[in-house]
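For reference, the structure discussed in these notes is given below.
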Amino acid sequence: MANKYSTEAIVLSLKNWGEADRIVTLFTRERGKVEAIVYGARRLKNRFNISNRPFTLLNVQLSSGRKLDILQDCEYKGVLVDLSAVYQAYTYAAFLVEIIEGLFAVGEKEEAVFDKLLQIFPFLTKRNPRIITLIAFVQLLQYTGEQFVYKHCLKCQKIFD
């Protein structure tokens, strides 16, 4: 029997799978990045159509599978940011998703990153999205233990103490 669990999740990305299914990448507080299959997600009358939009906050019920988890149920909690009106903000949000998918492996528990994402996405339409994305990138790197190291000035070549 599959292990079932419920959690709050942010929809990061979607990929079509087969004729009517989708693979959704979620970021959760308890389990970090999770990839789950949503059976019948591309059908018009599917009850999971609310999970078909990136940057959506959901309460999800999943069951553990061998390679992918299976979305059993989801409840819409709201959209973190409506990026449909601001294309530039949408592109920066998509860039952040690429960063998250590259930095964090499936199953790595990252509560602080989840909370940070809840703060970052709404700011993309309120402030300059380029600056917000750069700040978010540096903060996300710090969660992984990485950070920038500056040894000398690129302009004058003066070595920093």
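We name chains A, B, ... following the order of the structure tokens; residues begin at 1 in each chain, and ligands are numbered from 1 as shown.
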
(message) Quick check for you: according to DSSP on this backbone, which residues of stretch 6-161 of chain A are classed as alpha helix (DSSP H)? Reply as a ChimeraX atom specification.
(response) /A:87-103,111-126,129-143

Just-selected residues, N, CA and C atoms written as a compact mmCIF listing (two decimals), in the first residue's frame:
```txt
# COMPACT_ATOMS: atom_id res chain seq x y z
N TYR A 87 4.30 40.40 -18.17
CA TYR A 87 5.10 39.35 -18.81
C TYR A 87 6.53 39.33 -18.28
N GLN A 88 7.12 40.49 -18.04
CA GLN A 88 8.50 40.54 -17.54
C GLN A 88 8.61 39.84 -16.19
N ALA A 89 7.65 40.06 -15.31
CA ALA A 89 7.65 39.40 -14.00
C ALA A 89 7.50 37.89 -14.17
N TYR A 90 6.69 37.46 -15.14
CA TYR A 90 6.51 36.03 -15.40
C TYR A 90 7.83 35.39 -15.83
N THR A 91 8.58 36.07 -16.69
CA THR A 91 9.84 35.49 -17.15
C THR A 91 10.84 35.37 -16.01
N TYR A 92 10.87 36.34 -15.12
CA TYR A 92 11.77 36.25 -13.97
C TYR A 92 11.32 35.16 -13.00
N ALA A 93 10.02 34.99 -12.84
CA ALA A 93 9.51 33.91 -11.99
C ALA A 93 9.89 32.55 -12.57
N ALA A 94 9.80 32.43 -13.90
CA ALA A 94 10.19 31.17 -14.55
C ALA A 94 11.69 30.92 -14.37
N PHE A 95 12.49 31.98 -14.41
CA PHE A 95 13.92 31.84 -14.15
C PHE A 95 14.17 31.34 -12.72
N LEU A 96 13.44 31.87 -11.75
CA LEU A 96 13.57 31.41 -10.37
C LEU A 96 13.21 29.94 -10.24
N VAL A 97 12.18 29.52 -10.97
CA VAL A 97 11.80 28.10 -10.95
C VAL A 97 12.94 27.24 -11.48
N GLU A 98 13.59 27.67 -12.55
CA GLU A 98 14.74 26.93 -13.09
C GLU A 98 15.85 26.83 -12.05
N ILE A 99 16.09 27.92 -11.32
CA ILE A 99 17.11 27.92 -10.27
C ILE A 99 16.75 26.91 -9.19
N ILE A 100 15.50 26.94 -8.74
CA ILE A 100 15.04 26.04 -7.68
C ILE A 100 15.15 24.59 -8.12
N GLU A 101 14.73 24.31 -9.36
CA GLU A 101 14.79 22.94 -9.85
C GLU A 101 16.24 22.47 -9.99
N GLY A 102 17.16 23.37 -10.26
CA GLY A 102 18.55 22.99 -10.39
C GLY A 102 19.29 22.86 -9.06
N LEU A 103 18.92 23.69 -8.09
CA LEU A 103 19.63 23.70 -6.80
C LEU A 103 19.19 22.61 -5.84
N GLU A 111 12.34 23.76 4.64
CA GLU A 111 11.27 24.61 5.17
C GLU A 111 11.55 26.09 4.95
N ALA A 112 12.77 26.52 5.18
CA ALA A 112 13.11 27.93 5.03
C ALA A 112 12.98 28.40 3.59
N VAL A 113 13.33 27.53 2.64
CA VAL A 113 13.20 27.87 1.23
C VAL A 113 11.73 28.02 0.86
N PHE A 114 10.88 27.14 1.35
CA PHE A 114 9.45 27.23 1.08
C PHE A 114 8.91 28.57 1.59
N ASP A 115 9.26 28.93 2.80
CA ASP A 115 8.81 30.20 3.36
C ASP A 115 9.35 31.39 2.57
N LYS A 116 10.59 31.29 2.10
CA LYS A 116 11.19 32.36 1.30
C LYS A 116 10.46 32.50 -0.03
N LEU A 117 10.07 31.38 -0.65
CA LEU A 117 9.33 31.45 -1.91
C LEU A 117 7.97 32.12 -1.73
N LEU A 118 7.33 31.87 -0.60
CA LEU A 118 6.05 32.53 -0.32
C LEU A 118 6.22 34.04 -0.24
N GLN A 119 7.40 34.50 0.14
CA GLN A 119 7.67 35.94 0.20
C GLN A 119 8.12 36.50 -1.15
N ILE A 120 8.91 35.74 -1.88
CA ILE A 120 9.52 36.24 -3.12
C ILE A 120 8.51 36.46 -4.23
N PHE A 121 7.71 35.45 -4.55
CA PHE A 121 6.85 35.53 -5.73
C PHE A 121 5.91 36.73 -5.73
N PRO A 122 5.24 37.09 -4.64
CA PRO A 122 4.38 38.28 -4.68
C PRO A 122 5.13 39.58 -4.97
N PHE A 123 6.40 39.67 -4.60
CA PHE A 123 7.17 40.89 -4.82
C PHE A 123 7.54 41.11 -6.27
N LEU A 124 7.45 40.08 -7.11
CA LEU A 124 7.84 40.22 -8.51
C LEU A 124 6.98 41.23 -9.27
N THR A 125 5.75 41.44 -8.84
CA THR A 125 4.90 42.43 -9.50
C THR A 125 4.84 43.75 -8.73
N LYS A 126 5.32 43.77 -7.50
CA LYS A 126 5.26 44.99 -6.69
C LYS A 126 6.51 45.84 -6.83
N PRO A 129 11.27 43.40 -10.90
CA PRO A 129 11.45 41.94 -10.87
C PRO A 129 12.90 41.50 -11.08
N ARG A 130 13.69 42.29 -11.80
CA ARG A 130 15.09 41.94 -12.01
C ARG A 130 15.86 41.96 -10.68
N ILE A 131 15.64 43.01 -9.90
CA ILE A 131 16.33 43.15 -8.61
C ILE A 131 15.86 42.07 -7.64
N ILE A 132 14.55 41.83 -7.60
CA ILE A 132 14.00 40.80 -6.71
C ILE A 132 14.57 39.43 -7.06
N THR A 133 14.69 39.15 -8.35
CA THR A 133 15.21 37.85 -8.79
C THR A 133 16.69 37.69 -8.40
N LEU A 134 17.47 38.74 -8.57
CA LEU A 134 18.88 38.67 -8.19
C LEU A 134 19.04 38.46 -6.68
N ILE A 135 18.26 39.19 -5.90
CA ILE A 135 18.31 39.02 -4.44
C ILE A 135 17.88 37.61 -4.06
N ALA A 136 16.81 37.13 -4.69
CA ALA A 136 16.33 35.77 -4.40
C ALA A 136 17.37 34.73 -4.77
N PHE A 137 18.05 34.91 -5.89
CA PHE A 137 19.09 33.98 -6.32
C PHE A 137 20.20 33.88 -5.27
N VAL A 138 20.67 35.02 -4.79
CA VAL A 138 21.73 35.02 -3.77
C VAL A 138 21.23 34.35 -2.48
N GLN A 139 20.00 34.64 -2.08
CA GLN A 139 19.45 34.03 -0.87
C GLN A 139 19.29 32.52 -1.03
N LEU A 140 18.83 32.07 -2.18
CA LEU A 140 18.68 30.63 -2.42
C LEU A 140 20.04 29.94 -2.42
N LEU A 141 21.06 30.59 -2.96
CA LEU A 141 22.40 30.01 -2.91
C LEU A 141 22.87 29.82 -1.47
N GLN A 142 22.56 30.77 -0.60
CA GLN A 142 22.97 30.68 0.79
C GLN A 142 22.32 29.48 1.48
N TYR A 143 21.09 29.13 1.10
CA TYR A 143 20.44 27.97 1.70
C TYR A 143 21.14 26.66 1.33
```

(message) I need the strand (DSSP E or B) residues of chain A per DSSP on the backbone, written as a PyMOL selection string.
(response) chain A and resi 4-17+21-28+32-38+56-63+69-79+106+152+159

(message) Given only C-alpha atoms as the basis, pick out the residue of A:Asp69, A:Asp21, A:Glu146, A:Asp161 nearest to A:Ser6.
(response)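 Looking only at the distances to A:Ser6, the closest residue turns out to be A:Asp69.
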
(message) Can you tell me which residues surround A:Leu62 at a distance of at most 10 Å, considering only C-alpha atoms, apart from same-chain residues fewer than 2 positions away, and format the answer as a PyMOL selection string?
(response) chain A and resi 2-7+34+36-38+59-60+64-65+69-74

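For stretch 108-110 of chain A, the set of protein, DNA and RNA residues having any atom at most 8 Å away, when counting only C-alpha atoms and skipping those fewer than 3 positions along the same chain, is Thr28, Arg29, Glu30, Arg31, Gly32, Lys33, Phe104, Ala105, Val113 and Phe114 of chain A.
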
Take the residues that were just selected and, keeping all heavy atoms, output them as a short mmCIF file (atom, residue, chain, number, x, y, z; two decimals), in the first residue's frame.
```
data_model
loop_
_atom_site.label_atom_id
_atom_site.label_comp_id
_atom_site.auth_asym_id
_atom_site.auth_seq_id
_atom_site.Cartn_x
_atom_site.Cartn_y
_atom_site.Cartn_z
N THR A 28 7.30 21.80 -1.46
CA THR A 28 6.55 21.69 -0.22
C THR A 28 7.44 22.02 0.97
O THR A 28 8.66 21.95 0.89
CB THR A 28 5.99 20.25 -0.04
OG1 THR A 28 7.09 19.37 0.19
CG2 THR A 28 5.21 19.80 -1.25
N ARG A 29 6.81 22.38 2.05
CA ARG A 29 7.55 22.70 3.27
C ARG A 29 8.16 21.43 3.88
O ARG A 29 9.30 21.42 4.29
CB ARG A 29 6.62 23.37 4.29
CG ARG A 29 7.32 23.74 5.59
CD ARG A 29 6.42 24.49 6.55
NE ARG A 29 6.35 25.90 6.16
CZ ARG A 29 5.25 26.52 5.78
NH1 ARG A 29 4.11 25.88 5.74
NH2 ARG A 29 5.27 27.79 5.46
N GLU A 30 7.41 20.34 3.93
CA GLU A 30 7.84 19.13 4.62
C GLU A 30 8.76 18.24 3.80
O GLU A 30 9.61 17.55 4.34
CB GLU A 30 6.63 18.28 5.05
CG GLU A 30 5.77 18.92 6.12
CD GLU A 30 4.76 19.92 5.57
OE1 GLU A 30 4.57 19.94 4.32
OE2 GLU A 30 4.19 20.68 6.35
N ARG A 31 8.62 18.24 2.46
CA ARG A 31 9.39 17.31 1.63
C ARG A 31 10.23 17.99 0.56
O ARG A 31 10.85 17.31 -0.26
CB ARG A 31 8.44 16.31 0.97
CG ARG A 31 7.78 15.43 2.00
CD ARG A 31 7.02 14.32 1.33
NE ARG A 31 6.39 13.49 2.34
CZ ARG A 31 6.46 12.19 2.32
NH1 ARG A 31 7.09 11.56 1.38
NH2 ARG A 31 5.86 11.49 3.27
N GLY A 32 10.25 19.30 0.54
CA GLY A 32 11.04 20.00 -0.47
C GLY A 32 10.43 19.84 -1.85
O GLY A 32 9.21 19.88 -2.01
N LYS A 33 11.29 19.62 -2.84
CA LYS A 33 10.80 19.46 -4.21
C LYS A 33 10.20 18.07 -4.39
O LYS A 33 10.81 17.07 -4.01
CB LYS A 33 11.94 19.69 -5.19
CG LYS A 33 11.49 19.74 -6.63
CD LYS A 33 12.59 20.19 -7.56
CE LYS A 33 13.55 19.07 -7.84
NZ LYS A 33 14.48 19.36 -8.94
N PHE A 104 17.91 22.25 -5.88
CA PHE A 104 17.37 21.34 -4.87
C PHE A 104 16.95 20.02 -5.49
O PHE A 104 16.25 19.99 -6.49
CB PHE A 104 16.19 21.99 -4.15
CG PHE A 104 16.56 23.30 -3.49
CD1 PHE A 104 16.23 24.50 -4.07
CD2 PHE A 104 17.28 23.30 -2.31
CE1 PHE A 104 16.58 25.70 -3.49
CE2 PHE A 104 17.65 24.50 -1.71
CZ PHE A 104 17.30 25.71 -2.30
N ALA A 105 17.37 18.94 -4.86
CA ALA A 105 17.01 17.60 -5.33
C ALA A 105 15.63 17.22 -4.80
O ALA A 105 15.14 17.78 -3.82
CB ALA A 105 18.04 16.59 -4.84
N VAL A 113 13.33 27.53 2.64
CA VAL A 113 13.20 27.87 1.23
C VAL A 113 11.73 28.02 0.86
O VAL A 113 11.36 28.95 0.13
CB VAL A 113 13.89 26.82 0.34
CG1 VAL A 113 13.64 27.08 -1.14
CG2 VAL A 113 15.38 26.79 0.62
N PHE A 114 10.88 27.14 1.35
CA PHE A 114 9.45 27.23 1.08
C PHE A 114 8.91 28.57 1.59
O PHE A 114 8.19 29.28 0.87
CB PHE A 114 8.70 26.07 1.74
CG PHE A 114 7.22 26.08 1.50
CD1 PHE A 114 6.70 25.54 0.33
CD2 PHE A 114 6.35 26.64 2.41
CE1 PHE A 114 5.34 25.54 0.10
CE2 PHE A 114 4.99 26.65 2.19
CZ PHE A 114 4.48 26.10 1.02
#
```

(request) State, in Å with one decimal place, the distance from atom CA of A:Ser13 to atom CA of A:Val86. (result)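 Result for atom CA of A:Ser13 versus atom CA of A:Val86: 18.3 Å, one decimal.
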
(message) Taking only C-alpha atoms into account, name the residue in A:Arg127, A:Lys158, A:Lys151, A:Arg22 that is nearest to A:Leu68.
(response) A:Arg22

(message) Which residues are close to A:Phe55, i.e. within 7 Å by only C-alpha atoms, leaving aside same-chain residues fewer than 4 positions away? Reply as a count of residues only.
(response) 6
